[in-house]
Amino acid sequence: MLVILIGFNRLLYKLKVIQAFKWLHYFLIFFSFVAVFTTFLFLTLFYAISWQIDNLHLESTVWQLIIFFSVLGGILFSSVFYRIIPHIPQSQHSSLIGIVSLTFGAAIIFPITWLLTFQRKTQTCWVLLLISTLSACALICYGVLFGDLFNPWFTTFSYLKGAILKIISVVAAGTALLLTEPFFSPKADAPPNYRRLAVTLAIAGTLGFLPFYVLGKYPEVKVVVLQFNELTRVDTTFAREFADALGFGKWVRLGQRPAQNNSPHPWPQPWRLSKSHPSRLPEDFNVLVIVVDALRGDAFHSAGYHRDLTPFLDRWAGDEATSFRRAYSQGGGSFAAFPFLVAGRSRFDLYGPGLYQQNLYFKIAQAEGIEHYMLMKEFGPRDIYPPDFPVTELAVPRAVSDRRSATADEVFTSARNAIGALPAGERFLCFLHLMDVHNDLWQKEDGMDFGGRPRDLYDHNLSYLDRATSRFISWLKEEGIYDRTVILFTSDHGEQFWEHGASLHGHTVYEEEIQIPLILVSHGIRKRFEDVPVIAADMAPTIADLAGYSINPPYDDPHMGISLVPLILGKERQRYLERDVAGRASFKRRYFLYRNWEWKLIYFAELDLLQLFNVVKDPLEKYNLLAEEPELAAELEQALLEYLKIVEGKTYRSTLSKR
C-alpha cells in the first residue's frame with residue numbers, strides 16, 4: 001500500500017493533474033489496491049487447489065476474475081473514499097495509509113457507512129465509523145478462525161483463510177491508527193524522506209525472514225512451531241515464496257520442490273500375468289471391491305472403539321473373511337491412495353488419467369476372461385478403466401449433488417440391478433465407491449442418533465452403512481452369487497477430527513488418516529490378524545496369487561504391495577512384521593516411512609519438517625522423538641529420501657545433515 005501511494009503521489013506531482021480529474025486519481029489508486037489484494041487472494045486459492053484449476057483449465061478465468069473485481073472494486077472503494085473524506089476531522093493529523101485502510105473497512109459495512117456519512121459532519125459519527133469498522137474486522141477474523149467458513153474443506157482453503165486474515169489485519173491496523181491518533185501529539189508536517197522509507201522497508205522485510213532462518217537451525221523446534229497450526233504453516237509458505245522470489249532461498253530453507261532426476265522406471269511396462277500355480281479361489285469367480293471413502297480403521301468396535309457401530313461388519317470379518325485389525329492406506333486422501341489401492345504400487349503419483357494401465361484388478365479380470373465391468377457413475381474412480389472401455393456406469397435414481405451424495409442403499413440397489421440383469425453364469429468386476437462417512441455427513445433414517453456434532457454424525461452414518469452392507473451381502477447370498485465372488489471391503493483413507501490440528505483428510509499422514517479397515521472374503525480362508533499390520537496395496541497381488549498368477553515385473557518390494565498368501569497360509573510371518581512401508585498425502589508433499597510397524601517418520605517436503613514417532617508406545621502420535629533419537633531419525637530420513645529418489649524420481653536434500 002505504501003509503494004502504491006508513494007508512486008501515485010510522485011506521478012501526480014510530476015504530471016500536475018488538474019482538479020477536474022481527481023475522481024480518476026481516486027479510481028486508479030483503488031483499482032491498484034484492489035488488483036493487488038485480489039491477486040493475492042486468487043493466487044492463494046490457485047496455490048491451494050491448483051490441481052483442480054489445472055484439470056478444469058481455469059487459469060485464464062482466474063485472471064479474468066482478478067480484472068473484473070479490480071474494476072468493480074476500484075469504483076466501489078473510490079466512491080466510499082470520496083464519501084468519507086469530507087468527514088475527517090480537520091483537527092486530526094490523519095494518516096493517508098489509515099484513511100485508505102478505513103476505506104476498505106467502510107466498504108464492508110457500506111450501509112452503516114452511508115448512514116453515518118449522510119448526516120452533517122460530527123466527531124461522534126467519525127468515531128462510530130471507526131469503531132464499527134474495527135468491530136466488523138474483529139467479527140470477520142473470528143468467523144475465519146472459528147466459524148464454518150469454507151467448511152467442510154478447511155485445510156484445502158487454509159491458504160485463502162490466511163490471505164483474508166492478512167488483508168483484514170491491514171484494514172484493522174490502519175483503522176486503529178486513526179482511532180488512537182487523537183491521543184498522541186501529532187508531529188509537524190514534513191516532506192517524506194523516500195530514501196529513508198525505502199531503507200526502513202528493506203530492513204524490516206529482511207528481518208522478517210530472520211525467525212525462519214533461526215528455525216531452520218533447530219529442526220525439532222521448527223516442527224513444534226509450525227507443525228500443529230495450519231495457519232502458521234500458511235504464513236511459512238508465504239515466507240518461502242517471498243524468500244525464493246527475493247533470492248533468500250539459500251539461507252531460508254522452508255521446503256523443497258525438486259525436479260525429476262530422470263531415473264529409470266522401477267517397474268517398467270508392460271506387466272504380464274501368467275498362470276503358474278493352482279488357484280485357491282472359487283471357479284469362475286467374480287471380483288467385488290467396496291471402497292468406503294474416509295472410513296477410519298479404529299471406528300470399529302472390534303478395533304476398540306467405544307461405540308458398537310458395526311456389528312455386522314465385525315461379525316462378517318471374523319466369521320467369513322480374512323481381516324486385519326491394523327491395516328493401512330499408503331495415501332492420506334483419495335488422490336494419493338487410489339494408485340496404491342488398485343495398482344498395489346505407485347511412483348507416488350496422484351490419481352488421474354492413465355491409472356487403468358496400473359490397475360492390477362483390471363489385469364486379473366482380463367486374464368480371467370471377465371467381460372462385465374461396473375463402476376458408480378459420478379462417485380466412482382472412472383480412470384481405473386480405459387476411457388473408451390465398455391463399462392456399466394451405475395447410477396442412482398435421483399439427481400445428486402456434492403451436498404447429497406449417493407447413499408449406501410442407493411449404491412447397492414444400483415449394483416443389485418446391474419448384477420441381477422447379467423445372464424446366468426456371466427462374470428463381473430465391480431467397483432463400488434461409498435460416500436456415507438465422507439465429509440457430506442447427514443442424518444439417514446436407518447442409523448443410530450448420537451447428536452449433531454461432526455464425530456457423532458460420522459458415527460451415525462457408519463452405523464447406517466453397516467446395516468446397508470448387511471442387506472447387500474444377504475442379497476448376494478440369496479441369489480447364489482456370494483459363494484463365487486471375491487469381495488474386498490476397505491477404505492481409501494481415514495478421517496481427522498482435530499487430533500492433529502485439522503479436520504477431514506488429504507493433508508496429513510497421521511494414524512487417524514491412514515489406518516483403514518481391510519476385509520477380504522475369498523471363501524475357504526478365514527483368519528483374523530490382530531498383530532500383523534498390512535496395507536491395502538497388498539490386496540491386489542494377494543488376489544492375483546490366490547488366483548494362481550505370477551506377475552512380471554514381480555511384486556517383491558516390501559515398501560509397496562506384496563502377496564499375503566504365505567502369511568495367510570501360515571507359512572511365513574516375520575517378513576511381514578519387518579518391513580519398511582512408504583506413502584504420501586494427497587494435497588501436500590508429505591511422506592511417511594514406517595519401519596517394522598513401530599517407528600514412523602513423517603517428512604513434510606514443502607516446509608522441510610520432520611517428525612519421528614514410536615506408534616507402539618505413542619499411538620496418538622503426540623511425542624516427536626526427533627531430538628531423543630537423532631541417529632534413528634537420520635537413518636530413516638536417508639532411507640526415505642533414497643527410496644523417493646528411485647521410485648518417485650526426485651532427489652531431496654537431507655534436512656538433518658550439516659549445512
# chains A, B, ... in the order shown; residues from 1 in each chain; ligands from 1

$ residues_around --residues "Leu518 in chain A" --least-positions-apart "5" --cutoff "10 Å" --atoms "only C-alpha atoms" --output "list in words"
Val291, Gly297, Ala317, Ala321, Thr322, Ser323, Phe324, Arg325, Arg326, Ala327, Tyr328, Ser329, Leu488, Phe489, Thr490, Ser491, Val534, Ile535, Ala536 and Met539 of chain A

$ select_by_dssp --residues "range 194-307 of chain A" --states "helix (DSSP H, G or I)" --output "PyMOL selection string"
chain A and resi 194-207+210-216+219-226+230-246+297-299+301-303

$ write_last_selection --atoms "N, CA and C atoms" --output "compact mmCIF listing (two decimals), in the first residue's frame"
# COMPACT_ATOMS: atom_id res chain seq x y z
N TYR A 194 11.89 9.67 1.10
CA TYR A 194 11.64 8.41 0.42
C TYR A 194 12.82 7.46 0.55
N ARG A 195 14.02 7.99 0.59
CA ARG A 195 15.18 7.11 0.72
C ARG A 195 15.19 6.42 2.08
N ARG A 196 14.91 7.20 3.13
CA ARG A 196 14.87 6.60 4.46
C ARG A 196 13.74 5.57 4.55
N LEU A 197 12.59 5.90 3.95
CA LEU A 197 11.46 4.97 3.97
C LEU A 197 11.82 3.67 3.25
N ALA A 198 12.50 3.77 2.10
CA ALA A 198 12.87 2.57 1.35
C ALA A 198 13.85 1.71 2.15
N VAL A 199 14.81 2.35 2.80
CA VAL A 199 15.78 1.60 3.62
C VAL A 199 15.08 0.92 4.79
N THR A 200 14.14 1.64 5.43
CA THR A 200 13.41 1.06 6.55
C THR A 200 12.61 -0.16 6.11
N LEU A 201 11.91 -0.05 4.98
CA LEU A 201 11.13 -1.18 4.47
C LEU A 201 12.04 -2.36 4.13
N ALA A 202 13.19 -2.09 3.54
CA ALA A 202 14.11 -3.17 3.18
C ALA A 202 14.62 -3.89 4.42
N ILE A 203 14.97 -3.12 5.46
CA ILE A 203 15.47 -3.73 6.71
C ILE A 203 14.37 -4.54 7.37
N ALA A 204 13.16 -3.95 7.42
CA ALA A 204 12.04 -4.67 8.05
C ALA A 204 11.71 -5.95 7.31
N GLY A 205 11.74 -5.88 5.97
CA GLY A 205 11.46 -7.08 5.19
C GLY A 205 12.50 -8.16 5.38
N THR A 206 13.77 -7.75 5.46
CA THR A 206 14.84 -8.73 5.65
C THR A 206 14.75 -9.37 7.03
N LEU A 207 14.50 -8.54 8.06
CA LEU A 207 14.39 -9.08 9.42
C LEU A 207 13.20 -10.02 9.56
N LEU A 210 14.26 -13.54 9.44
CA LEU A 210 15.21 -14.00 10.45
C LEU A 210 14.66 -15.15 11.30
N PRO A 211 13.39 -15.07 11.78
CA PRO A 211 12.88 -16.20 12.58
C PRO A 211 12.90 -17.53 11.81
N PHE A 212 12.59 -17.49 10.52
CA PHE A 212 12.58 -18.72 9.74
C PHE A 212 14.00 -19.26 9.53
N TYR A 213 14.96 -18.35 9.41
CA TYR A 213 16.35 -18.78 9.30
C TYR A 213 16.80 -19.47 10.58
N VAL A 214 16.42 -18.89 11.73
CA VAL A 214 16.79 -19.48 13.02
C VAL A 214 16.10 -20.83 13.20
N LEU A 215 14.81 -20.92 12.82
CA LEU A 215 14.09 -22.18 12.96
C LEU A 215 14.76 -23.29 12.17
N GLY A 216 15.31 -22.95 11.02
CA GLY A 216 15.96 -23.95 10.19
C GLY A 216 17.15 -24.59 10.86
N PRO A 219 15.67 -28.19 13.96
CA PRO A 219 14.53 -28.87 13.31
C PRO A 219 13.44 -29.30 14.27
N GLU A 220 13.81 -29.74 15.51
CA GLU A 220 12.76 -30.18 16.43
C GLU A 220 11.91 -28.99 16.90
N VAL A 221 12.55 -27.81 17.08
CA VAL A 221 11.80 -26.60 17.45
C VAL A 221 10.94 -26.15 16.27
N LYS A 222 11.48 -26.25 15.09
CA LYS A 222 10.75 -25.86 13.88
C LYS A 222 9.45 -26.65 13.75
N VAL A 223 9.52 -27.93 14.03
CA VAL A 223 8.32 -28.77 13.95
C VAL A 223 7.30 -28.34 14.99
N VAL A 224 7.75 -28.08 16.21
CA VAL A 224 6.83 -27.67 17.27
C VAL A 224 6.11 -26.38 16.90
N VAL A 225 6.85 -25.43 16.32
CA VAL A 225 6.28 -24.13 15.99
C VAL A 225 5.33 -24.21 14.79
N LEU A 226 5.69 -25.02 13.80
CA LEU A 226 4.96 -24.98 12.53
C LEU A 226 4.00 -26.14 12.31
N GLU A 230 -2.31 -24.91 11.23
CA GLU A 230 -2.44 -24.81 9.77
C GLU A 230 -2.12 -23.40 9.28
N LEU A 231 -2.60 -22.37 9.99
CA LEU A 231 -2.38 -21.01 9.53
C LEU A 231 -0.93 -20.58 9.71
N THR A 232 -0.24 -21.11 10.74
CA THR A 232 1.19 -20.83 10.87
C THR A 232 1.95 -21.42 9.70
N ARG A 233 1.55 -22.61 9.27
CA ARG A 233 2.20 -23.21 8.10
C ARG A 233 1.92 -22.39 6.85
N VAL A 234 0.73 -21.79 6.79
CA VAL A 234 0.42 -20.93 5.65
C VAL A 234 1.34 -19.72 5.64
N ASP A 235 1.55 -19.10 6.80
CA ASP A 235 2.48 -17.98 6.88
C ASP A 235 3.87 -18.40 6.40
N THR A 236 4.27 -19.60 6.80
CA THR A 236 5.58 -20.08 6.40
C THR A 236 5.65 -20.30 4.89
N THR A 237 4.56 -20.77 4.31
CA THR A 237 4.51 -20.95 2.85
C THR A 237 4.67 -19.61 2.14
N PHE A 238 3.97 -18.58 2.64
CA PHE A 238 4.14 -17.25 2.06
C PHE A 238 5.59 -16.79 2.17
N ALA A 239 6.17 -17.01 3.36
CA ALA A 239 7.56 -16.61 3.56
C ALA A 239 8.49 -17.34 2.60
N ARG A 240 8.21 -18.61 2.36
CA ARG A 240 9.05 -19.38 1.44
C ARG A 240 8.97 -18.82 0.01
N GLU A 241 7.75 -18.51 -0.42
CA GLU A 241 7.59 -18.00 -1.78
C GLU A 241 8.30 -16.65 -1.93
N PHE A 242 8.15 -15.78 -0.93
CA PHE A 242 8.82 -14.48 -0.99
C PHE A 242 10.33 -14.65 -0.93
N ALA A 243 10.79 -15.55 -0.07
CA ALA A 243 12.23 -15.78 0.06
C ALA A 243 12.82 -16.27 -1.26
N ASP A 244 12.12 -17.19 -1.91
CA ASP A 244 12.60 -17.69 -3.20
C ASP A 244 12.61 -16.58 -4.24
N ALA A 245 11.55 -15.75 -4.23
CA ALA A 245 11.46 -14.67 -5.21
C ALA A 245 12.57 -13.63 -5.01
N LEU A 246 12.96 -13.42 -3.75
CA LEU A 246 13.99 -12.41 -3.44
C LEU A 246 15.39 -13.00 -3.43
N GLY A 297 -10.09 -46.95 10.34
CA GLY A 297 -9.95 -48.32 10.80
C GLY A 297 -10.21 -48.50 12.27
N ASP A 298 -10.07 -47.41 13.06
CA ASP A 298 -10.29 -47.53 14.50
C ASP A 298 -11.72 -47.20 14.91
N ALA A 299 -12.62 -47.04 13.93
CA ALA A 299 -14.02 -46.74 14.25
C ALA A 299 -14.85 -47.99 14.47
N HIS A 301 -15.93 -51.49 16.47
CA HIS A 301 -15.96 -51.99 17.85
C HIS A 301 -14.90 -53.06 18.06
N SER A 302 -14.65 -53.85 17.03
CA SER A 302 -13.62 -54.90 17.12
C SER A 302 -12.22 -54.32 17.21
N ALA A 303 -12.06 -53.04 16.83
CA ALA A 303 -10.76 -52.37 16.93
C ALA A 303 -10.63 -51.57 18.21

$ closest_residue --among "A:Ile481, A:Ile99, A:Ile562, A:Leu626" --to "Glu426 in chain A" --atoms "only C-alpha atoms"
A:Ile481

$ residues_around --residues "Phe146 in chain A" --least-positions-apart "6" --cutoff "12 Å" --atoms "only C-alpha atoms" --output "ChimeraX atom specification"
/A:138-140,154,161,502

$ closest_residue --among "A:Thr655, A:Asn359, A:Gln269, A:Ser158" --to "Pro553 in chain A" --atoms "only C-alpha atoms"
A:Gln269

$ residues_around --residues "range 36-40 of chain A" --least-positions-apart "3" --cutoff "12 Å" --atoms "only C-alpha atoms" --output "PyMOL selection string"
chain A and resi 1+3-4+29-33+43-47+62-74+104+159-168+170-171+238

$ closest_residue --among "A:Leu145, A:Leu360, A:Ile109, A:Ala582" --to "Tyr549 in chain A" --atoms "only C-alpha atoms"
A:Leu360

$ closest_residue --among "A:Ile551, A:Asp531, A:Lys588, A:Tyr305" --to "Gln574 in chain A" --atoms "only C-alpha atoms"
A:Asp531

$ residues_around --residues "range 608-620 of chain A" --least-positions-apart "5" --cutoff "8 Å" --atoms "only C-alpha atoms" --output "list in words"
Pro219, Glu220, Lys222, Val223, Gln227, Arg253, Leu254, Gly255, Gln256, Glu511, Trp597, Glu598, Trp599, Lys600, Leu601, Ile602, Tyr603, Leu625, Leu626, Ala633 and Thr655 of chain A

$ write_last_selection --atoms "N, CA and C atoms" --output "PDB file, in the first residue's frame"
ATOM      1  N   PRO A 219      15.668 -28.188  13.955  1.00  0.00           N
ATOM      2  CA  PRO A 219      14.534 -28.873  13.308  1.00  0.00           C
ATOM      3  C   PRO A 219      13.435 -29.303  14.273  1.00  0.00           C
ATOM      4  N   GLU A 220      13.807 -29.740  15.509  1.00  0.00           N
ATOM      5  CA  GLU A 220      12.758 -30.177  16.429  1.00  0.00           C
ATOM      6  C   GLU A 220      11.914 -28.991  16.901  1.00  0.00           C
ATOM      7  N   LYS A 222      11.477 -26.245  15.087  1.00  0.00           N
ATOM      8  CA  LYS A 222      10.747 -25.857  13.879  1.00  0.00           C
ATOM      9  C   LYS A 222       9.449 -26.647  13.750  1.00  0.00           C
ATOM     10  N   VAL A 223       9.523 -27.935  14.033  1.00  0.00           N
ATOM     11  CA  VAL A 223       8.323 -28.771  13.950  1.00  0.00           C
ATOM     12  C   VAL A 223       7.300 -28.340  14.989  1.00  0.00           C
ATOM     13  N   GLN A 227       4.206 -27.265  12.969  1.00  0.00           N
ATOM     14  CA  GLN A 227       3.520 -28.482  12.566  1.00  0.00           C
ATOM     15  C   GLN A 227       2.035 -28.498  12.903  1.00  0.00           C
ATOM     16  N   ARG A 253      15.576 -21.919   4.417  1.00  0.00           N
ATOM     17  CA  ARG A 253      15.166 -23.201   3.831  1.00  0.00           C
ATOM     18  C   ARG A 253      13.827 -23.625   4.415  1.00  0.00           C
ATOM     19  N   LEU A 254      12.800 -23.344   3.660  1.00  0.00           N
ATOM     20  CA  LEU A 254      11.444 -23.617   4.120  1.00  0.00           C
ATOM     21  C   LEU A 254      10.750 -24.634   3.227  1.00  0.00           C
ATOM     22  N   GLY A 255      11.480 -25.537   2.655  1.00  0.00           N
ATOM     23  CA  GLY A 255      10.880 -26.563   1.824  1.00  0.00           C
ATOM     24  C   GLY A 255      11.602 -26.697   0.508  1.00  0.00           C
ATOM     25  N   GLN A 256      11.273 -27.767  -0.197  1.00  0.00           N
ATOM     26  CA  GLN A 256      11.945 -28.029  -1.466  1.00  0.00           C
ATOM     27  C   GLN A 256      10.991 -28.718  -2.436  1.00  0.00           C
ATOM     28  N   GLU A 511      -1.946 -41.454  11.985  1.00  0.00           N
ATOM     29  CA  GLU A 511      -2.651 -42.735  12.087  1.00  0.00           C
ATOM     30  C   GLU A 511      -4.132 -42.607  11.760  1.00  0.00           C
ATOM     31  N   TRP A 597       6.676 -51.341  11.509  1.00  0.00           N
ATOM     32  CA  TRP A 597       5.378 -51.015  12.090  1.00  0.00           C
ATOM     33  C   TRP A 597       5.482 -50.458  13.502  1.00  0.00           C
ATOM     34  N   GLU A 598       6.652 -49.964  13.848  1.00  0.00           N
ATOM     35  CA  GLU A 598       6.848 -49.360  15.168  1.00  0.00           C
ATOM     36  C   GLU A 598       7.287 -47.901  15.040  1.00  0.00           C
ATOM     37  N   TRP A 599       8.338 -47.677  14.269  1.00  0.00           N
ATOM     38  CA  TRP A 599       8.853 -46.325  14.105  1.00  0.00           C
ATOM     39  C   TRP A 599       8.292 -45.707  12.828  1.00  0.00           C
ATOM     40  N   LYS A 600       7.827 -44.491  12.955  1.00  0.00           N
ATOM     41  CA  LYS A 600       7.197 -43.817  11.820  1.00  0.00           C
ATOM     42  C   LYS A 600       7.816 -42.435  11.642  1.00  0.00           C
ATOM     43  N   LEU A 601       8.416 -42.221  10.486  1.00  0.00           N
ATOM     44  CA  LEU A 601       8.995 -40.928  10.136  1.00  0.00           C
ATOM     45  C   LEU A 601       8.043 -40.211   9.189  1.00  0.00           C
ATOM     46  N   ILE A 602       7.729 -38.967   9.493  1.00  0.00           N
ATOM     47  CA  ILE A 602       6.888 -38.141   8.633  1.00  0.00           C
ATOM     48  C   ILE A 602       7.736 -36.987   8.131  1.00  0.00           C
ATOM     49  N   TYR A 603       7.775 -36.835   6.821  1.00  0.00           N
ATOM     50  CA  TYR A 603       8.586 -35.797   6.192  1.00  0.00           C
ATOM     51  C   TYR A 603       7.681 -34.886   5.381  1.00  0.00           C
ATOM     52  N   LEU A 625      10.001 -37.600  18.602  1.00  0.00           N
ATOM     53  CA  LEU A 625      11.250 -38.085  19.196  1.00  0.00           C
ATOM     54  C   LEU A 625      12.463 -37.726  18.342  1.00  0.00           C
ATOM     55  N   LEU A 626      12.346 -36.670  17.565  1.00  0.00           N
ATOM     56  CA  LEU A 626      13.440 -36.285  16.688  1.00  0.00           C
ATOM     57  C   LEU A 626      14.708 -35.978  17.479  1.00  0.00           C
ATOM     58  N   ALA A 633      16.481 -41.155  13.459  1.00  0.00           N
ATOM     59  CA  ALA A 633      15.817 -40.204  12.575  1.00  0.00           C
ATOM     60  C   ALA A 633      16.624 -39.996  11.300  1.00  0.00           C
ATOM     61  N   THR A 655      17.450 -32.914   5.546  1.00  0.00           N
ATOM     62  CA  THR A 655      17.210 -31.793   6.459  1.00  0.00           C
ATOM     63  C   THR A 655      17.999 -31.941   7.753  1.00  0.00           C
TER      64      THR A 655
END

$ residues_around --residues "Asp483 in chain A" --least-positions-apart "2" --cutoff "9 Å" --atoms "only C-alpha atoms" --output "count of residues only"
10

$ residues_around --residues "Lys645 in chain A" --least-positions-apart "5" --cutoff "10 Å" --atoms "only C-alpha atoms" --output "MDAnalysis selection string"
chainID A and resid 260:263 639:640 650:652

$ write_last_selection --atoms "C-alpha atoms" --output "PDB file, in the first residue's frame"
ATOM      1  CA  GLN A 260      12.583 -35.124 -11.871  1.00  0.00           C
ATOM      2  CA  ASN A 261      16.035 -36.723 -11.897  1.00  0.00           C
ATOM      3  CA  ASN A 262      15.314 -38.896 -14.957  1.00  0.00           C
ATOM      4  CA  SER A 263      15.792 -42.127 -13.038  1.00  0.00           C
ATOM      5  CA  ALA A 639      16.137 -44.435   3.719  1.00  0.00           C
ATOM      6  CA  LEU A 640      13.050 -42.430   2.729  1.00  0.00           C
ATOM      7  CA  LYS A 650      13.108 -36.839  -7.310  1.00  0.00           C
ATOM      8  CA  THR A 651      16.207 -36.037  -5.293  1.00  0.00           C
ATOM      9  CA  TYR A 652      15.524 -34.310  -1.969  1.00  0.00           C
TER      10      TYR A 652
END

$ select_by_dssp --residues "range 261-500 of chain A" --states "strand (DSSP E)" --output "ChimeraX atom specification"
/A:272-275,286-292,322-324,327-328,331-332,372-376,392-394,428-434,485-490,496-497

$ closest_residue --among "A:Val437, A:Leu641, A:Leu520, A:Ile85" --to "Ala406 in chain A" --atoms "only C-alpha atoms"
A:Val437

$ closest_residue --among "A:Pro278, A:Gly420, A:Gly331, A:Pro517" --to "Ala547 in chain A" --atoms "only C-alpha atoms"
A:Pro278

$ decode --residues "range 191-262 of chain A" --atoms "C-alpha atoms" --output "mmCIF file, in the first residue's frame"
data_model
loop_
_atom_site.group_PDB
_atom_site.id
_atom_site.type_symbol
_atom_site.label_atom_id
_atom_site.label_comp_id
_atom_site.auth_asym_id
_atom_site.auth_seq_id
_atom_site.Cartn_x
_atom_site.Cartn_y
_atom_site.Cartn_z
ATOM 1 C CA PRO A 191 8.090 16.192 3.403
ATOM 2 C CA PRO A 192 8.568 12.427 3.283
ATOM 3 C CA ASN A 193 12.095 11.092 3.058
ATOM 4 C CA TYR A 194 11.641 8.410 0.424
ATOM 5 C CA ARG A 195 15.183 7.113 0.718
ATOM 6 C CA ARG A 196 14.867 6.601 4.459
ATOM 7 C CA LEU A 197 11.465 4.970 3.967
ATOM 8 C CA ALA A 198 12.873 2.572 1.350
ATOM 9 C CA VAL A 199 15.778 1.598 3.624
ATOM 10 C CA THR A 200 13.406 1.061 6.548
ATOM 11 C CA LEU A 201 11.134 -1.178 4.474
ATOM 12 C CA ALA A 202 14.108 -3.171 3.181
ATOM 13 C CA ILE A 203 15.470 -3.731 6.707
ATOM 14 C CA ALA A 204 12.036 -4.665 8.052
ATOM 15 C CA GLY A 205 11.460 -7.081 5.189
ATOM 16 C CA THR A 206 14.836 -8.728 5.655
ATOM 17 C CA LEU A 207 14.391 -9.077 9.420
ATOM 18 C CA GLY A 208 11.045 -10.743 8.745
ATOM 19 C CA PHE A 209 12.909 -13.790 7.425
ATOM 20 C CA LEU A 210 15.208 -14.000 10.449
ATOM 21 C CA PRO A 211 12.876 -16.204 12.577
ATOM 22 C CA PHE A 212 12.576 -18.721 9.738
ATOM 23 C CA TYR A 213 16.354 -18.780 9.298
ATOM 24 C CA VAL A 214 16.788 -19.481 13.017
ATOM 25 C CA LEU A 215 14.090 -22.184 12.961
ATOM 26 C CA GLY A 216 15.962 -23.946 10.190
ATOM 27 C CA LYS A 217 18.883 -24.464 12.563
ATOM 28 C CA TYR A 218 16.726 -26.295 15.128
ATOM 29 C CA PRO A 219 14.534 -28.873 13.308
ATOM 30 C CA GLU A 220 12.758 -30.177 16.429
ATOM 31 C CA VAL A 221 11.799 -26.602 17.449
ATOM 32 C CA LYS A 222 10.747 -25.857 13.879
ATOM 33 C CA VAL A 223 8.323 -28.771 13.950
ATOM 34 C CA VAL A 224 6.830 -27.671 17.271
ATOM 35 C CA VAL A 225 6.280 -24.128 15.990
ATOM 36 C CA LEU A 226 4.961 -24.984 12.527
ATOM 37 C CA GLN A 227 3.520 -28.482 12.566
ATOM 38 C CA PHE A 228 0.308 -28.253 14.549
ATOM 39 C CA ASN A 229 -1.117 -24.962 13.308
ATOM 40 C CA GLU A 230 -2.443 -24.807 9.772
ATOM 41 C CA LEU A 231 -2.376 -21.007 9.531
ATOM 42 C CA THR A 232 1.185 -20.834 10.874
ATOM 43 C CA ARG A 233 2.200 -23.211 8.103
ATOM 44 C CA VAL A 234 0.417 -20.933 5.652
ATOM 45 C CA ASP A 235 2.485 -17.981 6.881
ATOM 46 C CA THR A 236 5.582 -20.084 6.398
ATOM 47 C CA THR A 237 4.512 -20.946 2.855
ATOM 48 C CA PHE A 238 4.138 -17.248 2.060
ATOM 49 C CA ALA A 239 7.562 -16.607 3.564
ATOM 50 C CA ARG A 240 9.049 -19.380 1.436
ATOM 51 C CA GLU A 241 7.587 -17.998 -1.776
ATOM 52 C CA PHE A 242 8.818 -14.480 -0.989
ATOM 53 C CA ALA A 243 12.231 -15.779 0.058
ATOM 54 C CA ASP A 244 12.603 -17.686 -3.201
ATOM 55 C CA ALA A 245 11.464 -14.668 -5.211
ATOM 56 C CA LEU A 246 13.987 -12.414 -3.444
ATOM 57 C CA GLY A 247 16.818 -14.915 -3.692
ATOM 58 C CA PHE A 248 16.864 -15.750 0.027
ATOM 59 C CA GLY A 249 16.074 -19.443 -0.502
ATOM 60 C CA LYS A 250 19.722 -20.346 0.045
ATOM 61 C CA TRP A 251 19.542 -19.126 3.652
ATOM 62 C CA VAL A 252 15.833 -19.523 4.470
ATOM 63 C CA ARG A 253 15.166 -23.201 3.831
ATOM 64 C CA LEU A 254 11.444 -23.617 4.120
ATOM 65 C CA GLY A 255 10.880 -26.563 1.824
ATOM 66 C CA GLN A 256 11.945 -28.029 -1.466
ATOM 67 C CA ARG A 257 10.335 -28.967 -4.768
ATOM 68 C CA PRO A 258 12.979 -30.843 -6.729
ATOM 69 C CA ALA A 259 12.610 -31.622 -10.397
ATOM 70 C CA GLN A 260 12.583 -35.124 -11.871
ATOM 71 C CA ASN A 261 16.035 -36.723 -11.897
ATOM 72 C CA ASN A 262 15.314 -38.896 -14.957
#
